[in-house]
$ cat structure00.cif   # mmCIF, C-alpha atoms
data_final
#
loop_
_atom_site.label_atom_id
_atom_site.label_comp_id
_atom_site.auth_asym_id
_atom_site.auth_seq_id
_atom_site.Cartn_x
_atom_site.Cartn_y
_atom_site.Cartn_z
CA MET O 1 -12.65 -13.50 17.00
CA THR O 2 -9.33 -12.89 15.25
CA THR O 3 -7.16 -10.22 16.82
CA THR O 4 -5.47 -7.50 14.81
CA THR O 5 -2.08 -5.88 15.22
CA LYS O 6 -2.81 -2.15 15.01
CA GLY O 7 0.00 0.32 14.39
CA SER O 8 2.64 -2.38 14.06
CA ALA O 9 4.25 -1.44 10.74
CA VAL O 10 7.98 -0.83 11.13
CA LEU O 11 9.58 1.80 8.92
CA THR O 12 13.35 1.89 8.44
CA LEU O 13 15.70 3.76 6.12
CA PRO O 14 18.26 1.22 4.88
CA SER O 15 19.97 3.72 2.57
CA ASP O 16 19.72 7.32 1.42
CA THR O 17 17.37 6.27 -1.38
CA GLU O 18 15.24 3.58 0.28
CA ILE O 19 12.29 3.30 2.63
CA LEU O 20 11.59 -0.16 4.01
CA VAL O 21 8.27 -1.02 5.66
CA THR O 22 7.50 -4.36 7.29
CA ARG O 23 4.06 -5.23 8.63
CA GLU O 24 2.58 -8.51 9.81
CA PHE O 25 -1.13 -9.15 9.24
CA ASN O 26 -3.23 -11.69 11.08
CA ALA O 27 -4.64 -13.01 7.80
CA PRO O 28 -3.56 -15.37 5.02
CA ARG O 29 -1.51 -14.00 2.15
CA HIS O 30 -4.13 -14.47 -0.58
CA LEU O 31 -6.57 -12.27 1.35
CA VAL O 32 -3.99 -9.55 2.05
CA TRP O 33 -3.15 -9.64 -1.68
CA ARG O 34 -6.83 -9.17 -2.56
CA VAL O 35 -7.12 -6.17 -0.24
CA LEU O 36 -3.99 -4.62 -1.78
CA THR O 37 -5.06 -5.14 -5.40
CA GLU O 38 -8.86 -5.11 -5.79
CA PRO O 39 -10.32 -1.64 -6.43
CA ALA O 40 -13.45 -2.07 -4.27
CA LEU O 41 -11.25 -3.14 -1.34
CA ILE O 42 -8.58 -0.46 -1.98
CA GLU O 43 -11.34 2.14 -1.71
CA ARG O 44 -11.96 0.98 1.86
CA TRP O 45 -8.38 1.41 3.17
CA TRP O 46 -6.10 3.53 0.99
CA ALA O 47 -7.04 6.91 2.49
CA GLY O 48 -6.66 5.61 6.04
CA ARG O 49 -8.64 7.99 8.22
CA GLN O 50 -7.37 11.01 6.27
CA GLY O 51 -10.24 11.18 3.80
CA THR O 52 -12.29 9.19 1.32
CA VAL O 53 -11.09 7.34 -1.76
CA THR O 54 -13.02 8.70 -4.73
CA SER O 55 -11.39 6.50 -7.37
CA ALA O 56 -9.28 3.34 -7.44
CA THR O 57 -8.41 2.03 -10.88
CA VAL O 58 -6.29 -1.11 -11.25
CA ASP O 59 -5.10 -2.88 -14.41
CA LEU O 60 -3.24 -5.66 -12.60
CA ARG O 61 -0.85 -6.92 -15.28
CA VAL O 62 2.74 -6.19 -16.20
CA GLY O 63 2.58 -2.91 -18.11
CA GLY O 64 -0.84 -2.15 -16.65
CA SER O 65 -1.50 1.01 -14.70
CA TRP O 66 -3.08 1.97 -11.41
CA ARG O 67 -4.43 5.26 -10.06
CA TYR O 68 -5.90 6.16 -6.68
CA VAL O 69 -7.58 9.46 -5.83
CA MET O 70 -8.78 10.64 -2.45
CA ALA O 71 -10.65 13.65 -1.10
CA THR O 72 -8.92 14.61 2.13
CA ASN O 73 -10.80 15.59 5.27
CA ASP O 74 -9.54 19.14 4.56
CA GLY O 75 -11.22 19.16 1.15
CA ASP O 76 -8.11 18.70 -1.00
CA GLU O 77 -7.73 16.11 -3.73
CA VAL O 78 -4.68 13.83 -3.65
CA ALA O 79 -3.84 11.39 -6.41
CA PHE O 80 -1.11 8.86 -7.17
CA HIS O 81 -0.58 6.65 -10.19
CA GLY O 82 1.93 4.18 -11.56
CA GLU O 83 2.67 1.19 -13.75
CA TYR O 84 3.06 -2.45 -12.78
CA ARG O 85 6.51 -3.85 -13.58
CA GLU O 86 6.28 -7.31 -11.98
CA ILE O 87 3.36 -9.38 -10.69
CA GLU O 88 3.56 -12.83 -9.14
CA ALA O 89 0.27 -13.16 -7.30
CA PRO O 90 0.01 -13.47 -4.35
CA GLU O 91 3.73 -13.38 -3.58
CA ARG O 92 5.10 -10.13 -4.99
CA MET O 93 4.61 -7.15 -7.20
CA THR O 94 6.63 -4.16 -8.25
CA HIS O 95 5.20 -0.89 -9.51
CA THR O 96 6.15 2.70 -10.05
CA GLU O 97 4.48 5.43 -8.02
CA VAL O 98 4.01 9.09 -8.88
CA PHE O 99 2.43 11.71 -6.63
CA GLU O 100 0.43 13.81 -9.06
CA GLY O 101 1.09 16.97 -7.04
CA MET O 102 4.81 16.87 -7.88
CA PRO O 103 6.05 18.71 -10.95
CA ASP O 104 7.97 16.32 -13.22
CA GLY O 105 6.77 13.37 -11.10
CA ASP O 106 6.41 11.11 -14.13
CA SER O 107 10.08 11.58 -14.95
CA ASP O 108 11.16 10.63 -11.42
CA PRO O 109 8.80 7.93 -10.08
CA SER O 110 9.52 5.88 -7.00
CA LEU O 111 9.71 2.10 -7.41
CA ASN O 112 7.81 -0.01 -4.87
CA HIS O 113 8.68 -3.68 -4.34
CA TYR O 114 6.03 -5.65 -2.41
CA THR O 115 6.75 -9.09 -0.97
CA LEU O 116 4.11 -11.12 0.89
CA ALA O 117 5.23 -14.16 2.90
CA GLU O 118 2.81 -16.41 4.77
CA HIS O 119 3.57 -18.47 7.87
CA ASP O 120 0.90 -20.22 9.98
CA GLY O 121 -1.91 -18.22 8.40
CA ARG O 122 -0.23 -14.85 9.04
CA THR O 123 1.25 -12.65 6.32
CA THR O 124 4.35 -10.51 6.51
CA LEU O 125 4.32 -7.69 3.99
CA THR O 126 7.60 -6.05 3.10
CA VAL O 127 7.54 -2.92 0.94
CA ARG O 128 10.84 -1.51 -0.27
CA THR O 129 10.50 1.90 -1.90
CA VAL O 130 13.42 3.12 -3.97
CA VAL O 131 13.66 6.82 -4.88
CA SER O 132 16.15 8.92 -6.83
CA SER O 133 17.71 10.88 -3.96
CA LYS O 134 17.95 11.41 -0.23
CA GLU O 135 16.00 14.64 -0.67
CA VAL O 136 13.07 12.80 -2.25
CA ARG O 137 13.20 10.09 0.45
CA ASP O 138 13.24 12.71 3.21
CA MET O 139 10.39 14.66 1.58
CA ILE O 140 8.26 11.49 1.55
CA ILE O 141 9.01 10.83 5.22
CA ALA O 142 8.30 14.49 6.14
CA SER O 143 4.92 14.34 4.36
CA GLY O 144 3.40 12.33 7.21
CA MET O 145 3.37 9.14 5.17
CA GLU O 146 4.19 6.97 8.18
CA ALA O 147 1.04 7.92 10.12
CA GLY O 148 -1.13 7.50 7.04
CA MET O 149 0.53 4.19 6.24
CA GLN O 150 -0.15 2.89 9.77
CA GLU O 151 -3.83 3.81 9.46
CA GLY O 152 -4.11 2.28 6.01
CA TYR O 153 -2.39 -0.96 6.96
CA ASP O 154 -4.57 -1.27 10.07
CA LEU O 155 -7.56 -1.12 7.73
CA VAL O 156 -5.95 -3.63 5.33
CA GLU O 157 -5.77 -6.08 8.21
CA GLU O 158 -9.34 -5.40 9.35
CA ILE O 159 -10.65 -6.03 5.83
CA ALA O 160 -8.53 -9.19 5.35
CA VAL O 161 -9.74 -10.55 8.73
CA GLU O 162 -13.31 -9.74 7.69
CA LEU O 163 -12.81 -11.64 4.39
CA ALA O 164 -11.37 -14.60 6.32
CA GLY O 165 -14.45 -14.65 8.54
CA GLU O 166 -16.72 -14.59 5.48
CA GLN O 167 -14.81 -17.54 4.01
CA ALA O 168 -15.09 -19.48 7.26
CA THR O 169 -18.87 -19.09 7.36
CA ALA O 170 -19.44 -19.72 3.64
#

$ encode --input "structure00.cif" --output "structure tokens"
Amino acid sequence: MTTTTKGSAVLTLPSDTEILVTREFNAPRHLVWRVLTEPALIERWWAGRQGTVTSATVDLRVGGSWRYVMATNDGDEVAFHGEYREIEAPERMTHTEVFEGMPDGDSDPSLNHYTLAEHDGRTTLTVRTVVSSKEVRDMIIASGMEAGMQEGYDLVEEIAVELAGEQATA
């Protein structure tokens, strides 16, 4: 049985306008990519343990859009959306991100740069989020995003390991 690396994402703040997350997954890059980009798989991890994903829409092409909606355990609805700016599957993608609960969010989206590197069947994901100000960066950090991110990425790994096991037995 393949082991997982729960809670191992590392979050740093390289500048006043950046959040950098690095996480290693015990799964090959193409499977981590699938989990990050396929709607049926996104629905299984994006909410972490904070609720249930009610919608995951992905138009995975440059200029295409994405939107995820979740019902929280407290009964609230939370939604994010964005546009893909760069896609080089399964190595990297860049997209905007807007929290739909923020006034004027569309005029001030964050920009997320994903890089996936594989070594010996393991994948290191690096996500660099660039925002417009220190205040926005600090608001994101204060929202509890790190705990939710840890839960979500733990599930990403579980799903990718599950997919690897299905491939091995196919």

$ atom_distance --input "structure00.cif" --atom1 "atom CA of Thr126 of chain O" --atom2 "atom CA of Thr22 of chain O"
4.5 Å

$ residues_around --input "structure00.cif" --residues "segment 110-122 of chain O" --least-positions-apart "2" --cutoff "7 Å" --atoms "only C-alpha atoms" --output "number ranges by chain"
O: 24-29, 91-98, 108, 124-131

$ residues_near_point --input "structure00.cif" --point "(-9.0, 12.5, -0.5)" --cutoff "10 Å" --atoms "only C-alpha atoms" --output "ChimeraX atom specification"
/O:46-55,68-79

$ atom_distance --input "structure00.cif" --atom1 "atom CA of Thr123 of chain O" --atom2 "atom CA of Arg23 of chain O"
8.3 Å

$ resolve_selection --input "structure00.cif" --expression "the PyMOL selection byres ((chain O and resi 162) around 12)" --output "PyMOL selection string"
chain O and resi 1-4+26-28+31-32+35+41+155-161+163-169

$ residues_around --input "structure00.cif" --residues "Asp138 of chain O" --least-positions-apart "4" --cutoff "9 Å" --atoms "all atoms listed in the file" --output "VMD selection string"
chain O and resid 16 to 17 133 to 134 142 to 143

$ write_last_selection --input "structure00.cif" --atoms "C-alpha atoms" --output "mmCIF file, keeping the file's coordinate frame"
data_model
loop_
_atom_site.group_PDB
_atom_site.id
_atom_site.type_symbol
_atom_site.label_atom_id
_atom_site.label_comp_id
_atom_site.auth_asym_id
_atom_site.auth_seq_id
_atom_site.Cartn_x
_atom_site.Cartn_y
_atom_site.Cartn_z
ATOM 1 C CA ASP O 16 19.720 7.320 1.420
ATOM 2 C CA THR O 17 17.370 6.270 -1.380
ATOM 3 C CA SER O 133 17.710 10.880 -3.960
ATOM 4 C CA LYS O 134 17.950 11.410 -0.230
ATOM 5 C CA ALA O 142 8.300 14.490 6.140
ATOM 6 C CA SER O 143 4.920 14.340 4.360
#

$ atom_distance --input "structure00.cif" --atom1 "atom CA of Asp104 of chain O" --atom2 "atom CA of Gly63 of chain O"
20.6 Å

$ axis_aligned_box --input "structure00.cif" --around "segment 105-124 of chain O" --padding-each-side "3 Å" --output "lines of an AutoDock Vina configuration file"
center_x = 4.6
center_y = -3.4
center_z = -2.5
size_x = 19.1
size_y = 39.6
size_z = 30.9

$ residues_around --input "structure00.cif" --residues "segment 60-62 of chain O" --least-positions-apart "5" --cutoff "8 Å" --atoms "all atoms listed in the file" --output "list in words"
Thr37, Glu83, Tyr84, Arg85, Glu86 and Ile87 of chain O

$ closest_residue --input "structure00.cif" --among "O:Met145, O:Ala56, O:Ile140, O:Ala170" --to "Leu36 of chain O" --atoms "only C-alpha atoms"
O:Ala56

$ build_atoms --input "structure00.cif" --residues "segment 81-96 of chain O" --atoms "N, CA and C atoms" --output "PDB file, in the coordinates of the input"
ATOM      1  N   HIS O  81      -0.409   7.628  -9.124  1.00  0.00           N
ATOM      2  CA  HIS O  81      -0.580   6.650 -10.190  1.00  0.00           C
ATOM      3  C   HIS O  81       0.765   5.960 -10.451  1.00  0.00           C
ATOM      4  N   GLY O  82       0.699   4.884 -11.216  1.00  0.00           N
ATOM      5  CA  GLY O  82       1.930   4.180 -11.560  1.00  0.00           C
ATOM      6  C   GLY O  82       1.659   3.066 -12.554  1.00  0.00           C
ATOM      7  N   GLU O  83       2.717   2.308 -12.792  1.00  0.00           N
ATOM      8  CA  GLU O  83       2.670   1.190 -13.750  1.00  0.00           C
ATOM      9  C   GLU O  83       3.243  -0.054 -13.088  1.00  0.00           C
ATOM     10  N   TYR O  84       2.584  -1.173 -13.312  1.00  0.00           N
ATOM     11  CA  TYR O  84       3.060  -2.450 -12.780  1.00  0.00           C
ATOM     12  C   TYR O  84       4.243  -2.957 -13.602  1.00  0.00           C
ATOM     13  N   ARG O  85       5.312  -3.336 -12.924  1.00  0.00           N
ATOM     14  CA  ARG O  85       6.510  -3.850 -13.580  1.00  0.00           C
ATOM     15  C   ARG O  85       6.671  -5.358 -13.399  1.00  0.00           C
ATOM     16  N   GLU O  86       6.180  -5.886 -12.266  1.00  0.00           N
ATOM     17  CA  GLU O  86       6.280  -7.310 -11.980  1.00  0.00           C
ATOM     18  C   GLU O  86       5.063  -7.699 -11.151  1.00  0.00           C
ATOM     19  N   ILE O  87       4.479  -8.859 -11.476  1.00  0.00           N
ATOM     20  CA  ILE O  87       3.360  -9.380 -10.690  1.00  0.00           C
ATOM     21  C   ILE O  87       3.505 -10.892 -10.617  1.00  0.00           C
ATOM     22  N   GLU O  88       3.586 -11.391  -9.402  1.00  0.00           N
ATOM     23  CA  GLU O  88       3.560 -12.830  -9.140  1.00  0.00           C
ATOM     24  C   GLU O  88       2.599 -13.044  -7.976  1.00  0.00           C
ATOM     25  N   ALA O  89       1.316 -13.052  -8.321  1.00  0.00           N
ATOM     26  CA  ALA O  89       0.270 -13.160  -7.300  1.00  0.00           C
ATOM     27  C   ALA O  89       0.329 -14.519  -6.624  1.00  0.00           C
ATOM     28  N   PRO O  90       0.145 -14.563  -5.311  1.00  0.00           N
ATOM     29  CA  PRO O  90       0.010 -13.470  -4.350  1.00  0.00           C
ATOM     30  C   PRO O  90       1.309 -13.193  -3.603  1.00  0.00           C
ATOM     31  N   GLU O  91       2.437 -13.451  -4.256  1.00  0.00           N
ATOM     32  CA  GLU O  91       3.730 -13.380  -3.580  1.00  0.00           C
ATOM     33  C   GLU O  91       4.434 -12.033  -3.678  1.00  0.00           C
ATOM     34  N   ARG O  92       4.366 -11.401  -4.854  1.00  0.00           N
ATOM     35  CA  ARG O  92       5.100 -10.130  -4.990  1.00  0.00           C
ATOM     36  C   ARG O  92       4.606  -9.344  -6.185  1.00  0.00           C
ATOM     37  N   MET O  93       4.859  -8.048  -6.083  1.00  0.00           N
ATOM     38  CA  MET O  93       4.610  -7.150  -7.200  1.00  0.00           C
ATOM     39  C   MET O  93       5.543  -5.958  -7.066  1.00  0.00           C
ATOM     40  N   THR O  94       5.821  -5.371  -8.204  1.00  0.00           N
ATOM     41  CA  THR O  94       6.630  -4.160  -8.250  1.00  0.00           C
ATOM     42  C   THR O  94       5.883  -3.173  -9.143  1.00  0.00           C
ATOM     43  N   HIS O  95       5.817  -1.923  -8.676  1.00  0.00           N
ATOM     44  CA  HIS O  95       5.200  -0.890  -9.510  1.00  0.00           C
ATOM     45  C   HIS O  95       5.843   0.457  -9.246  1.00  0.00           C
ATOM     46  N   THR O  96       5.716   1.328 -10.242  1.00  0.00           N
ATOM     47  CA  THR O  96       6.150   2.700 -10.050  1.00  0.00           C
ATOM     48  C   THR O  96       5.068   3.450  -9.297  1.00  0.00           C
TER      49      THR O  96
END
